[in-house]
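Source file work_26.txt; content: compact mmCIF, C-alpha atoms.
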```txt
# COMPACT_ATOMS: atom_id res chain seq x y z
CA ALA K 1 105.71 44.64 31.41
CA GLY K 2 103.49 47.20 29.73
CA LEU K 3 100.49 46.16 31.86
CA PHE K 4 102.55 46.46 35.10
CA VAL K 5 103.70 49.96 34.25
CA TRP K 6 100.19 50.93 33.31
CA ARG K 7 98.87 49.64 36.69
CA LEU K 8 101.48 51.46 38.66
CA ARG K 9 100.77 54.61 36.81
CA ASN K 10 97.02 54.42 37.37
CA THR K 11 96.77 53.13 40.95
CA GLY K 12 99.98 53.03 43.02
CA VAL K 13 101.91 56.16 42.16
CA PRO K 14 99.32 58.79 43.16
CA GLN K 15 98.68 57.15 46.56
CA ILE K 16 102.32 56.73 47.60
CA PRO K 17 102.77 60.26 49.15
CA CYS K 18 99.51 60.01 51.13
CA ARG K 19 100.39 56.62 52.54
CA PHE K 20 103.87 57.79 53.46
CA VAL K 21 102.51 60.76 55.44
CA HIS K 22 99.95 58.60 57.20
CA ARG K 23 102.54 56.02 58.26
CA TYR K 24 104.87 58.83 59.53
CA ARG K 25 102.11 60.24 61.74
CA VAL K 26 101.32 56.82 63.21
CA ALA K 27 105.00 56.18 63.90
CA ASN K 28 105.42 59.66 65.37
CA ASN K 29 102.51 59.10 67.77
CA ARG K 30 103.91 55.78 68.90
CA LEU K 31 107.45 57.10 69.48
CA ILE K 32 108.50 58.79 72.81
CA THR K 33 109.07 62.49 72.24
CA PHE K 34 111.33 64.79 74.27
CA GLN K 35 108.44 66.43 76.10
CA TYR K 36 107.01 63.04 77.01
CA PHE K 37 110.43 61.99 78.26
CA SER K 38 110.61 65.10 80.47
CA VAL K 39 107.21 64.33 81.98
CA LEU K 40 108.31 60.77 82.74
CA LYS K 41 111.46 62.08 84.36
CA ARG K 42 109.52 64.44 86.66
CA MET K 43 107.15 61.61 87.65
CA TYR K 44 110.06 59.37 88.51
CA VAL K 45 111.74 62.03 90.61
CA THR K 46 108.63 62.92 92.59
CA GLN K 47 107.62 59.29 93.25
CA CYS K 48 110.95 57.56 93.82
CA ASN K 49 113.01 60.36 95.40
CA LYS K 50 110.69 62.49 97.49
CA ASP K 51 113.53 64.52 99.03
CA LEU K 52 114.05 66.30 95.73
CA SER K 53 110.43 67.32 95.35
CA GLN K 54 109.25 70.84 96.25
CA ARG K 55 107.82 71.25 99.69
CA ALA K 56 105.64 73.99 101.08
CA LYS K 57 107.46 76.35 103.44
CA PRO K 58 106.03 76.15 106.97
CA LYS K 59 104.18 79.26 108.10
CA SER K 60 106.18 81.42 110.47
CA ASP K 61 104.88 82.38 113.85
CA SER K 62 103.04 85.65 114.17
CA VAL K 63 105.28 88.62 114.88
CA VAL K 64 104.90 89.85 118.41
CA SER K 65 104.29 93.57 118.68
CA PRO K 66 106.91 95.73 120.41
CA PHE K 67 104.40 96.61 123.11
CA HIS K 68 104.00 92.94 124.09
CA GLU K 69 107.76 92.45 123.99
CA LEU K 70 108.22 95.33 126.42
CA GLN K 71 105.58 93.84 128.69
CA GLN K 72 107.37 90.49 128.63
CA LEU K 73 110.67 92.16 129.40
CA ASP K 74 109.09 93.97 132.32
CA ARG K 75 107.71 90.71 133.68
CA GLU K 76 110.99 88.88 133.42
CA LYS K 77 113.38 89.15 136.30
CA LYS K 78 117.08 88.70 136.22
CA ALA K 79 119.25 87.94 139.17
CA VAL K 80 122.65 89.59 139.18
CA HIS K 81 125.17 87.09 140.59
CA LYS K 82 128.30 88.27 142.23
CA ILE K 83 131.45 86.89 140.65
CA SER K 84 133.46 84.97 143.20
CA PRO K 85 137.16 85.78 143.44
CA VAL K 86 139.71 83.36 142.03
CA SER K 87 141.35 81.17 144.64
CA PRO K 88 145.14 81.18 145.04
CA VAL K 89 147.17 78.65 143.12
CA HIS K 90 148.93 77.08 146.09
CA GLN K 91 145.73 75.89 147.75
CA SER K 92 144.66 72.34 147.28
CA GLY K 93 141.93 71.40 144.85
CA SER K 94 139.57 70.06 147.49
CA GLU K 95 139.79 73.20 149.61
CA THR K 96 139.25 75.52 146.65
CA SER K 97 136.28 73.51 145.37
CA SER K 98 134.62 73.50 148.80
CA ARG K 99 135.16 77.22 149.23
CA ASN K 100 133.79 77.94 145.79
CA LYS K 101 130.68 75.90 146.52
CA LEU K 102 130.10 77.80 149.76
CA ARG K 103 130.53 81.15 148.01
CA GLU K 104 128.13 80.16 145.27
CA MET K 105 125.53 79.09 147.82
CA LYS K 106 125.90 82.39 149.70
CA SER K 107 125.67 84.46 146.50
CA ALA K 108 122.59 82.50 145.38
CA ALA K 109 120.92 83.11 148.73
CA GLU K 110 121.72 86.83 148.60
CA THR K 111 120.48 87.24 145.04
CA GLU K 112 117.22 85.44 145.76
CA ASP K 113 116.50 87.95 148.52
CA SER K 114 117.43 90.96 146.39
CA VAL K 115 116.11 90.29 142.91
CA ILE K 116 115.92 93.47 140.78
CA PRO K 117 113.66 93.50 137.76
CA VAL K 118 115.49 94.56 134.63
CA GLY K 119 112.83 96.82 133.15
CA ALA K 120 111.89 98.55 136.41
CA GLU K 121 114.22 101.53 136.09
CA SER K 122 113.75 101.91 132.37
CA LYS K 123 109.99 101.83 132.80
CA GLU K 124 110.16 104.55 135.42
CA ASP K 125 112.34 106.64 133.13
CA ARG K 126 109.85 106.27 130.29
CA GLN K 127 106.94 107.45 132.41
CA TRP K 128 105.81 111.09 132.51
CA LYS K 129 107.07 112.92 135.54
CA GLU K 130 105.65 116.05 137.11
CA MET K 131 108.19 118.88 137.07
CA LYS K 132 108.16 120.67 140.40
CA LEU K 133 109.12 124.32 140.38
CA GLN K 134 111.89 125.10 142.84
CA LEU K 135 111.96 128.57 144.35
CA GLU K 136 115.67 129.06 143.69
CA ASP K 137 115.15 128.25 139.97
CA LEU K 138 112.37 130.79 139.52
CA PRO K 139 114.55 133.90 138.83
CA GLY K 140 116.44 132.13 136.05
CA ILE K 141 113.23 130.80 134.50
CA LEU K 142 111.61 134.25 134.56
CA ALA K 143 114.76 135.78 133.06
CA ARG K 144 114.58 133.36 130.13
CA LEU K 145 110.84 133.92 129.84
CA SER K 146 111.35 137.67 129.51
CA LYS K 147 114.38 137.31 127.15
CA ILE K 148 116.63 139.22 129.49
CA LYS K 149 119.35 139.86 126.87
CA LEU K 150 116.87 141.39 124.44
CA THR K 151 115.38 143.43 127.27
CA ALA K 152 118.85 144.74 128.17
CA LEU K 153 119.34 145.83 124.55
CA VAL K 154 115.99 147.63 124.57
CA VAL K 155 116.83 149.44 127.82
CA SER K 156 120.26 150.46 126.46
CA THR K 157 118.73 152.00 123.32
CA THR K 158 116.20 153.84 125.49
CA SER K 159 119.05 155.19 127.62
CA THR K 160 120.83 156.36 124.46
CA GLY K 161 117.73 158.23 123.33
CA PHE K 162 117.46 159.88 126.74
CA ALA K 163 121.15 160.84 126.71
CA MET K 164 120.96 162.26 123.17
CA ALA K 165 118.12 164.61 124.05
CA PRO K 166 119.17 168.30 124.05
CA VAL K 167 118.15 168.90 127.67
CA PRO K 168 119.95 168.64 131.00
CA PHE K 169 120.28 165.14 132.40
CA GLU K 170 117.87 164.18 135.20
CA LEU K 171 118.70 161.02 137.08
CA SER K 172 115.25 160.33 138.54
CA CYS K 173 113.52 160.65 135.17
CA PHE K 174 116.22 158.50 133.55
CA LEU K 175 115.79 155.70 136.11
CA LEU K 176 111.99 155.74 135.85
CA ALA K 177 112.14 155.67 132.04
CA SER K 178 114.66 152.81 132.01
CA LEU K 179 112.73 150.78 134.61
CA GLY K 180 109.38 151.31 132.90
CA THR K 181 110.79 150.40 129.47
CA GLY K 182 112.43 147.26 130.88
CA LEU K 183 109.19 146.11 132.53
CA ALA K 184 107.23 146.74 129.33
CA SER K 185 109.78 144.73 127.33
CA CYS K 186 109.58 141.83 129.82
CA ALA K 187 105.80 141.79 129.50
CA ALA K 188 105.87 141.82 125.68
CA ASN K 189 108.44 139.01 125.50
CA SER K 190 106.52 136.84 127.98
CA ILE K 191 103.26 137.20 126.03
CA ASN K 192 105.13 136.43 122.82
CA GLN K 193 106.45 133.15 124.25
CA TYR K 194 102.99 132.28 125.57
CA PHE K 195 101.50 132.52 122.08
CA GLU K 196 104.31 130.65 120.32
CA VAL K 197 104.62 127.52 122.49
CA PRO K 198 103.41 125.00 119.82
CA PHE K 199 105.66 126.58 117.19
CA ASP K 200 108.74 126.98 119.38
CA SER K 201 108.64 123.27 120.19
CA ASN K 202 109.50 122.47 116.54
CA MET K 203 112.60 124.67 116.43
CA ASN K 204 116.01 123.73 117.80
CA ARG K 205 116.71 127.32 118.83
CA THR K 206 113.57 127.72 120.93
CA LYS K 207 112.64 124.21 122.09
CA THR K 208 114.37 124.75 125.46
CA ARG K 209 112.27 127.76 126.45
CA PRO K 210 110.54 127.51 129.85
CA LEU K 211 106.98 127.21 128.55
CA VAL K 212 107.96 124.63 125.94
CA ARG K 213 109.71 122.43 128.51
CA GLY K 214 106.94 122.89 131.06
CA GLN K 215 109.18 124.52 133.65
CA ILE K 216 106.51 127.13 134.27
CA SER K 217 102.75 127.04 133.81
CA PRO K 218 101.01 129.27 131.24
CA LEU K 219 98.95 130.87 134.02
CA LEU K 220 102.11 131.87 135.88
CA ALA K 221 103.59 133.26 132.66
CA ILE K 222 100.52 135.43 132.05
CA CYS K 223 100.52 136.61 135.65
CA PHE K 224 104.20 137.54 135.34
CA ALA K 225 103.52 139.45 132.10
CA ALA K 226 100.66 141.36 133.73
CA SER K 227 102.73 142.13 136.83
CA CYS K 228 105.43 143.60 134.57
CA GLY K 229 103.30 145.34 131.95
CA ILE K 230 100.83 147.19 134.17
CA PRO K 231 103.42 148.73 136.55
CA GLY K 232 105.73 149.47 133.61
CA ILE K 233 103.13 151.48 131.69
CA ALA K 234 102.04 153.17 134.93
CA LEU K 235 105.62 154.26 135.65
CA LEU K 236 106.06 155.62 132.13
CA THR K 237 102.72 157.45 132.17
CA LEU K 238 102.66 158.85 135.69
CA GLY K 239 106.35 159.04 136.53
CA VAL K 240 107.70 160.26 133.19
CA ASN K 241 105.01 161.70 130.84
CA PRO K 242 101.87 160.44 129.08
CA LEU K 243 103.53 160.46 125.64
CA THR K 244 106.21 157.98 126.73
CA GLY K 245 103.56 155.81 128.40
CA ALA K 246 101.48 155.81 125.21
CA LEU K 247 104.52 154.78 123.16
CA GLY K 248 105.25 151.95 125.60
CA ALA K 249 101.67 150.63 125.50
CA PHE K 250 101.60 150.89 121.71
CA ASN K 251 104.87 148.97 121.47
CA ILE K 252 103.50 146.11 123.61
CA PHE K 253 100.39 145.95 121.42
CA LEU K 254 102.43 146.07 118.22
CA TYR K 255 104.77 143.30 119.34
CA THR K 256 102.20 140.88 120.78
CA CYS K 257 99.12 141.46 118.62
CA CYS K 258 100.65 142.41 115.25
CA TYR K 259 104.21 141.12 114.95
CA THR K 260 103.64 137.74 116.64
CA PRO K 261 100.74 136.51 114.43
CA LEU K 262 102.28 138.05 111.29
CA LYS K 263 105.32 135.79 111.66
CA ARG K 264 103.20 132.90 110.36
CA MET K 265 101.24 134.89 107.77
CA SER K 266 103.45 137.27 105.79
CA ILE K 267 107.03 138.46 105.38
CA ALA K 268 105.75 141.91 106.42
CA ASN K 269 106.45 140.80 109.99
CA THR K 270 110.10 141.85 109.55
CA TRP K 271 109.14 145.46 108.85
CA VAL K 272 106.67 145.48 111.75
CA GLY K 273 109.33 144.03 114.03
CA ALA K 274 111.74 146.76 112.90
CA VAL K 275 109.20 149.39 113.98
CA VAL K 276 108.98 147.68 117.38
CA GLY K 277 112.75 147.94 117.77
CA ALA K 278 112.80 151.57 116.64
CA ILE K 279 110.36 152.83 119.31
CA PRO K 280 112.54 152.40 122.50
CA PRO K 281 115.10 155.16 121.59
CA MET K 282 112.18 157.40 120.71
CA MET K 283 110.74 156.67 124.15
CA GLY K 284 114.03 157.76 125.72
CA TRP K 285 113.96 161.01 123.75
CA THR K 286 110.34 161.75 124.66
CA ALA K 287 111.04 160.90 128.31
CA ALA K 288 113.68 163.66 128.39
CA THR K 289 112.02 166.30 126.20
CA GLY K 290 108.30 165.47 126.31
CA SER K 291 108.04 165.92 122.54
CA LEU K 292 108.39 163.73 119.48
CA ASP K 293 110.58 165.81 117.16
CA ALA K 294 113.20 165.23 114.47
CA GLY K 295 115.85 163.91 116.84
CA ALA K 296 113.57 161.14 118.08
CA LEU K 297 112.67 160.17 114.52
CA LEU K 298 116.36 160.09 113.51
CA LEU K 299 117.25 157.76 116.38
CA GLY K 300 114.28 155.59 115.52
CA GLY K 301 115.38 155.51 111.87
CA ILE K 302 118.90 154.37 112.80
CA LEU K 303 117.53 151.52 114.92
CA TYR K 304 115.00 150.69 112.19
CA SER K 305 117.66 150.32 109.49
CA TRP K 306 120.13 148.52 111.74
CA GLN K 307 117.68 145.70 112.44
CA PHE K 308 117.46 144.52 108.84
CA PRO K 309 121.11 143.46 108.39
CA HIS K 310 121.08 142.14 111.95
CA PHE K 311 117.94 140.02 111.71
CA ASN K 312 118.24 139.01 108.05
CA ALA K 313 121.75 137.70 108.61
CA LEU K 314 120.56 135.83 111.72
CA SER K 315 117.53 134.31 109.97
CA TRP K 316 119.65 133.15 107.02
CA GLY K 317 121.38 130.57 109.21
CA LEU K 318 118.08 129.54 110.82
CA ARG K 319 116.08 128.89 107.66
CA GLU K 320 115.54 125.21 108.47
CA ASP K 321 114.30 126.07 111.95
CA TYR K 322 111.91 128.75 110.70
CA SER K 323 110.48 126.45 108.04
CA ARG K 324 109.93 123.70 110.63
CA GLY K 325 108.22 126.16 112.95
CA GLY K 326 105.92 127.42 110.20
CA TYR K 327 107.24 131.00 110.24
CA CYS K 328 107.04 133.06 107.07
CA MET K 329 110.43 134.76 106.87
CA MET K 330 112.18 136.43 103.97
CA SER K 331 115.12 134.06 104.26
CA VAL K 332 112.76 131.10 103.69
CA THR K 333 110.27 132.35 101.12
CA HIS K 334 112.16 135.24 99.44
CA PRO K 335 115.92 134.65 99.85
CA GLY K 336 116.87 137.18 97.18
CA LEU K 337 114.76 139.91 98.77
CA CYS K 338 116.27 139.07 102.15
CA ARG K 339 119.78 139.81 100.89
CA ARG K 340 118.76 142.94 98.96
CA VAL K 341 116.95 144.47 101.93
CA ALA K 342 119.94 143.84 104.21
CA LEU K 343 122.28 145.61 101.76
CA ARG K 344 119.91 148.57 101.27
CA HIS K 345 119.65 149.30 104.97
CA CYS K 346 123.42 148.94 105.46
CA LEU K 347 123.78 151.77 102.96
CA ALA K 348 120.92 153.65 104.62
CA LEU K 349 122.94 153.84 107.85
CA ILE K 350 125.49 156.01 106.01
CA GLY K 351 122.77 158.42 104.89
CA LEU K 352 121.15 158.62 108.33
CA SER K 353 124.50 159.36 109.94
CA THR K 354 124.96 162.23 107.47
CA VAL K 355 121.52 163.67 108.29
CA ALA K 356 122.30 163.97 112.03
CA PRO K 357 124.38 167.21 111.78
CA VAL K 358 121.89 168.63 109.29
CA LEU K 359 119.16 168.33 111.94
CA ASN K 360 121.47 170.04 114.46
CA ILE K 361 121.69 166.91 116.64
CA THR K 362 125.41 166.18 116.31
CA THR K 363 128.46 167.93 114.94
CA TRP K 364 129.87 167.30 111.49
CA THR K 365 132.53 165.09 112.95
CA PHE K 366 129.96 162.35 113.55
CA PRO K 367 129.42 161.32 109.88
CA VAL K 368 133.19 161.43 109.34
CA ILE K 369 134.06 159.26 112.36
CA SER K 370 131.18 156.84 111.78
CA LEU K 371 131.95 156.43 108.08
CA PRO K 372 134.53 153.60 108.50
CA ILE K 373 132.25 151.37 110.56
CA ASN K 374 129.31 152.12 108.29
CA LEU K 375 131.40 151.29 105.23
CA TYR K 376 132.56 148.06 106.83
CA ILE K 377 129.05 146.83 107.61
CA SER K 378 128.02 147.86 104.08
CA TYR K 379 130.89 145.80 102.68
CA LEU K 380 129.76 142.77 104.68
CA GLY K 381 126.21 143.41 103.50
CA PHE K 382 127.45 143.36 99.91
CA ARG K 383 129.34 140.10 100.58
CA PHE K 384 126.17 138.61 102.00
CA TYR K 385 124.21 139.77 98.94
CA ARG K 386 126.79 138.37 96.53
CA ASP K 387 127.79 135.07 98.18
CA ALA K 388 124.53 134.14 99.94
CA ASP K 389 126.15 131.58 102.22
CA ARG K 390 126.34 130.91 105.93
CA SER K 391 129.83 132.31 106.29
CA SER K 392 128.94 135.76 104.93
CA SER K 393 125.69 135.90 106.91
CA ARG K 394 127.52 134.96 110.12
CA LYS K 395 130.12 137.70 109.60
CA LEU K 396 127.39 140.28 108.98
CA PHE K 397 125.49 139.20 112.09
CA PHE K 398 128.51 139.40 114.41
CA CYS K 399 129.46 142.75 112.92
CA SER K 400 126.00 144.11 113.71
CA LEU K 401 126.46 143.14 117.38
CA TRP K 402 129.31 145.61 117.89
CA HIS K 403 128.33 148.08 115.19
CA LEU K 404 125.27 149.49 116.96
CA PRO K 405 126.90 150.18 120.36
CA MET K 406 129.90 151.78 118.68
CA LEU K 407 127.71 153.91 116.40
CA LEU K 408 125.59 155.15 119.32
CA LEU K 409 128.70 155.83 121.39
CA VAL K 410 130.25 157.90 118.60
CA MET K 411 126.94 159.71 118.18
CA PHE K 412 126.87 160.55 121.89
CA THR K 413 130.42 161.86 121.88
CA CYS K 414 129.63 164.08 118.90
CA LYS K 415 126.39 165.38 120.41
CA LYS K 416 125.79 169.12 120.41
CA SER K 417 125.51 170.50 123.91
CA VAL K 418 122.58 172.54 125.15
CA LEU K 419 124.76 175.62 125.65
CA GLU K 420 125.82 175.65 122.00
CA LYS K 421 122.19 175.56 120.88
CA GLU K 422 121.20 178.34 123.28
CA ASP K 423 124.10 180.49 122.11
CA LYS K 424 122.87 180.09 118.55
CA GLY K 425 119.36 181.14 119.61
CA ASP K 426 117.82 177.70 118.95
CA PRO K 427 116.52 176.41 122.30
CA PRO K 428 115.06 172.90 122.36
CA GLY K 429 111.31 173.29 122.10
CA GLY K 430 111.05 176.50 120.07
CA SER K 431 111.47 179.28 122.70
CA HIS K 432 113.32 180.02 125.92
CA GLU K 433 110.16 179.71 128.02
CA THR K 434 109.33 176.24 126.70
CA ALA K 435 112.93 175.17 127.24
CA MET K 436 112.68 176.23 130.89
CA GLU K 437 109.45 174.25 131.24
CA ILE K 438 111.11 171.14 129.86
CA ARG K 439 113.97 171.42 132.35
CA LEU K 440 111.58 171.53 135.29
CA PRO K 441 110.95 168.12 136.91
```
Render the structure in this file as structure tokens.
Amino acid sequence: AGLFVWRLRNTGVPQIPCRFVHRYRVANNRLITFQYFSVLKRMYVTQCNKDLSQRAKPKSDSVVSPFHELQQLDREKKAVHKISPVSPVHQSGSETSSRNKLREMKSAAETEDSVIPVGAESKEDRQWKEMKLQLEDLPGILARLSKIKLTALVVSTTSTGFAMAPVPFELSCFLLASLGTGLASCAANSINQYFEVPFDSNMNRTKTRPLVRGQISPLLAICFAASCGIPGIALLTLGVNPLTGALGAFNIFLYTCCYTPLKRMSIANTWVGAVVGAIPPMMGWTAATGSLDAGALLLGGILYSWQFPHFNALSWGLREDYSRGGYCMMSVTHPGLCRRVALRHCLALIGLSTVAPVLNITTWTFPVISLPINLYISYLGFRFYRDADRSSSRKLFFCSLWHLPMLLLVMFTCKKSVLEKEDKGDPPGGSHETAMEIRLP
């Protein structure tokens, strides 16, 4: 017993753990593990049941381009068959069937003779067509080319300047001044549209203009502008006086060569455009008096200030259009300045109306009578400055449309007559002799 314990202690006991680990590894290698079982399962599935195995998705056919599809549609032809009427109920089946067969044969024969391709009309509609100018459409096209409504406004302000002049009214001079100013305005507007064709095509408000739509050729537009501008300046220079002709020529140059390119360069275009709108009443004054004095400058100042609430309110609702066209307007780049400038010039109209009797142009009743309408447009200008929305800008714009005619009408009714000025010893022109020279045709 002692020898057996001694042998186990010396030989067997230390090697028991090592042998146990070795036998566990051998048994573990011989047993089927879970991973090995999964591999066997996949092999069985792929070999015995091939429907469950993954298959490569067949390659789809190449996508036909829309251009080829349109060509195929154009080549295809469809026959439109006429629907035969329904036979009455009381007829026999044999008679109805025979009649139906005859009608089908006739309809098939007719449709074979008159086969209409489906894409023929649509293809013709998609093609470019040459727009032919009709003679009866020419006056309307030229009216839109010259912006006839804007030209009428320019002529009306010129007439107001002529009527406000402190001299007797002369019909022939008035007609020549109005006609020459209208022709000069038509020429300036036509040249403006000629230069702005690529920009007007991007704006919803101007994309229907004649040059944009191709209703008139650019050469014809330039010829029309020249046929209006040259006689207009000649009438103002030779028929009225050289000063009025010079103002008309300067206004065409300022509008076409300064204001038009500045619209895409700087917000200063609004101030330049206001000067362009202020010159026509000054032209009316100089046409009647032959001089550029304080009365002409006052009328020009009223038109200058009126244009800022009018145009700034209009441009506020057209900001998207102006940004698409690439125009640099205050409403797009400086919206705060746009509203401030409109409010300032609304208030400036009150001050200019007060200056009129000081310059001995109207009586003191003019600033009193014009105060309500000036206060109302100033209130709308303040609403536009405060709210800065489309509703306030629209109200200010529509108010400006009736404000200017009413203000000029009140100014004309409160005008000081020539007899009152002569009684006070203040003849228009500085002396009695110069006043007599001005009255002479």
If we count all atoms listed in the file and set the cut-off at 10 Å, which residues sit around Met164 of chain K, ignoring sequence neighbours fewer than 5 positions away in its own chain? Please answer as a ChimeraX atom specification. /K:158-159,169,281,284-285,288,295-296,299,361-362,408,411-417
Writing out the chosen residues with C-alpha atoms as an mmCIF file, keeping the file's coordinate frame:
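Final file, out05.cif:
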```cif
data_model
loop_
_atom_site.group_PDB
_atom_site.id
_atom_site.type_symbol
_atom_site.label_atom_id
_atom_site.label_comp_id
_atom_site.auth_asym_id
_atom_site.auth_seq_id
_atom_site.Cartn_x
_atom_site.Cartn_y
_atom_site.Cartn_z
ATOM 1 C CA THR K 158 116.200 153.840 125.490
ATOM 2 C CA SER K 159 119.050 155.190 127.620
ATOM 3 C CA PHE K 169 120.280 165.140 132.400
ATOM 4 C CA PRO K 281 115.100 155.160 121.590
ATOM 5 C CA GLY K 284 114.030 157.760 125.720
ATOM 6 C CA TRP K 285 113.960 161.010 123.750
ATOM 7 C CA ALA K 288 113.680 163.660 128.390
ATOM 8 C CA GLY K 295 115.850 163.910 116.840
ATOM 9 C CA ALA K 296 113.570 161.140 118.080
ATOM 10 C CA LEU K 299 117.250 157.760 116.380
ATOM 11 C CA ILE K 361 121.690 166.910 116.640
ATOM 12 C CA THR K 362 125.410 166.180 116.310
ATOM 13 C CA LEU K 408 125.590 155.150 119.320
ATOM 14 C CA MET K 411 126.940 159.710 118.180
ATOM 15 C CA PHE K 412 126.870 160.550 121.890
ATOM 16 C CA THR K 413 130.420 161.860 121.880
ATOM 17 C CA CYS K 414 129.630 164.080 118.900
ATOM 18 C CA LYS K 415 126.390 165.380 120.410
ATOM 19 C CA LYS K 416 125.790 169.120 120.410
ATOM 20 C CA SER K 417 125.510 170.500 123.910
#
```
Protein/DNA/RNA residues near (116.0, 135.2, 130.5), cut 12 Å, all atoms listed in the file, as a PyMOL selection string: chain K and resi 137-152+185-186+189-190+193+208-210
Interatomic distance between atom CA of Cys399 of chain K and atom CA of Leu371 of chain K? 14.7 Å
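Residue neighbourhood of Val341 of chain K, excluding near-sequence residues (fewer than 3 positions): Thr270, Trp271, Ser305, Trp306, Gln307, Phe308, Pro309, His310, Phe311, Asn312, Ala313, Met330, Ser331, His334, Pro335, Gly336, Leu337, Cys338, Arg344, His345, Cys346, Leu347, Ala348, Ser378, Gly381, Phe382, Phe384 and Tyr385 of chain K, at 12 Å, using only C-alpha atoms.
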Coordinates-based distance that separates atom CA of Thr286 of chain K from atom CA of Ala356 of chain K (Å, one decimal): 17.5 Å
Selection near Thr157 of chain K, 9 Å with only C-alpha atoms, sequence-local residues under 3 positions removed, as a VMD selection string: chain K and resid 152 to 154 160 to 162 278 280 to 282 284 303 405 408
Residues of the last selection are to be written out with C-alpha atoms, as a CSV table (one decimal), in the frame of the given file.
```
chain,number,residue,atom,x,y,z
K,152,ALA,CA,118.8,144.7,128.2
K,153,LEU,CA,119.3,145.8,124.6
K,154,VAL,CA,116.0,147.6,124.6
K,160,THR,CA,120.8,156.4,124.5
K,161,GLY,CA,117.7,158.2,123.3
K,162,PHE,CA,117.5,159.9,126.7
K,278,ALA,CA,112.8,151.6,116.6
K,280,PRO,CA,112.5,152.4,122.5
K,281,PRO,CA,115.1,155.2,121.6
K,282,MET,CA,112.2,157.4,120.7
K,284,GLY,CA,114.0,157.8,125.7
K,303,LEU,CA,117.5,151.5,114.9
K,405,PRO,CA,126.9,150.2,120.4
K,408,LEU,CA,125.6,155.2,119.3
```
Using only C-alpha atoms, which of K:Ala225, K:Leu401, K:Val368, K:Cys173 sits nearest Asn241 of chain K? K:Cys173
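In terms of minimum interatomic distance to Leu175 of chain K, K:Val240 ranks closest within K:Leu352, K:Cys228, K:Leu380, K:Val240, counting all atoms listed in the file.
In terms of minimum interatomic distance to Asp293 of chain K, K:Asn360 ranks closest within K:Thr354, K:Ser227, K:Ser217, K:Asn360, counting all atoms listed in the file.
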Closest of K:Ile369, K:Phe398, K:Tyr376, K:Ser315 to Arg205 of chain K - atom-to-atom distances counting only C-alpha atoms: K:Ser315
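Interatomic distance, atom CA of Ile267 of chain K against atom CA of Cys328 of chain K: 5.7 Å.
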Under the rule that all atoms listed in the file are counted, which of K:Ile216, K:Met43, K:Cys257, K:Ala163 is the nearest residue to Thr289 of chain K? K:Ala163
With all atoms of segment 200-213 of chain K from the file as input, state the centre and edge lengths in Å to one decimal of the axis-aligned box that has 3 Å extra on each side, as lines of an AutoDock Vina configuration file.
```
center_x = 111.8
center_y = 125.1
center_z = 123.1
size_x = 15.7
size_y = 11.3
size_z = 19.4
```
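Across K:Ala246, K:Met265, K:Leu211, K:Leu318, the tightest approach to Pro198 of chain K is made by K:Leu211 when counting all atoms listed in the file.
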Pull the neighbourhood of (104.3, 140.3, 112.9) for me: all residues within 12 Å in file coordinates, counting only C-alpha atoms, as a PDB file with C-alpha atoms, in the coordinates of the input.
```pdb
ATOM      1  CA  ASN K 192     105.130 136.430 122.820  1.00  0.00           C
ATOM      2  CA  PHE K 253     100.390 145.950 121.420  1.00  0.00           C
ATOM      3  CA  LEU K 254     102.430 146.070 118.220  1.00  0.00           C
ATOM      4  CA  TYR K 255     104.770 143.300 119.340  1.00  0.00           C
ATOM      5  CA  THR K 256     102.200 140.880 120.780  1.00  0.00           C
ATOM      6  CA  CYS K 257      99.120 141.460 118.620  1.00  0.00           C
ATOM      7  CA  CYS K 258     100.650 142.410 115.250  1.00  0.00           C
ATOM      8  CA  TYR K 259     104.210 141.120 114.950  1.00  0.00           C
ATOM      9  CA  THR K 260     103.640 137.740 116.640  1.00  0.00           C
ATOM     10  CA  PRO K 261     100.740 136.510 114.430  1.00  0.00           C
ATOM     11  CA  LEU K 262     102.280 138.050 111.290  1.00  0.00           C
ATOM     12  CA  LYS K 263     105.320 135.790 111.660  1.00  0.00           C
ATOM     13  CA  ARG K 264     103.200 132.900 110.360  1.00  0.00           C
ATOM     14  CA  MET K 265     101.240 134.890 107.770  1.00  0.00           C
ATOM     15  CA  SER K 266     103.450 137.270 105.790  1.00  0.00           C
ATOM     16  CA  ILE K 267     107.030 138.460 105.380  1.00  0.00           C
ATOM     17  CA  ALA K 268     105.750 141.910 106.420  1.00  0.00           C
ATOM     18  CA  ASN K 269     106.450 140.800 109.990  1.00  0.00           C
ATOM     19  CA  THR K 270     110.100 141.850 109.550  1.00  0.00           C
ATOM     20  CA  TRP K 271     109.140 145.460 108.850  1.00  0.00           C
ATOM     21  CA  VAL K 272     106.670 145.480 111.750  1.00  0.00           C
ATOM     22  CA  GLY K 273     109.330 144.030 114.030  1.00  0.00           C
ATOM     23  CA  ALA K 274     111.740 146.760 112.900  1.00  0.00           C
ATOM     24  CA  VAL K 275     109.200 149.390 113.980  1.00  0.00           C
ATOM     25  CA  VAL K 276     108.980 147.680 117.380  1.00  0.00           C
ATOM     26  CA  TYR K 327     107.240 131.000 110.240  1.00  0.00           C
ATOM     27  CA  CYS K 328     107.040 133.060 107.070  1.00  0.00           C
ATOM     28  CA  MET K 329     110.430 134.760 106.870  1.00  0.00           C
TER      29      MET K 329
END
```
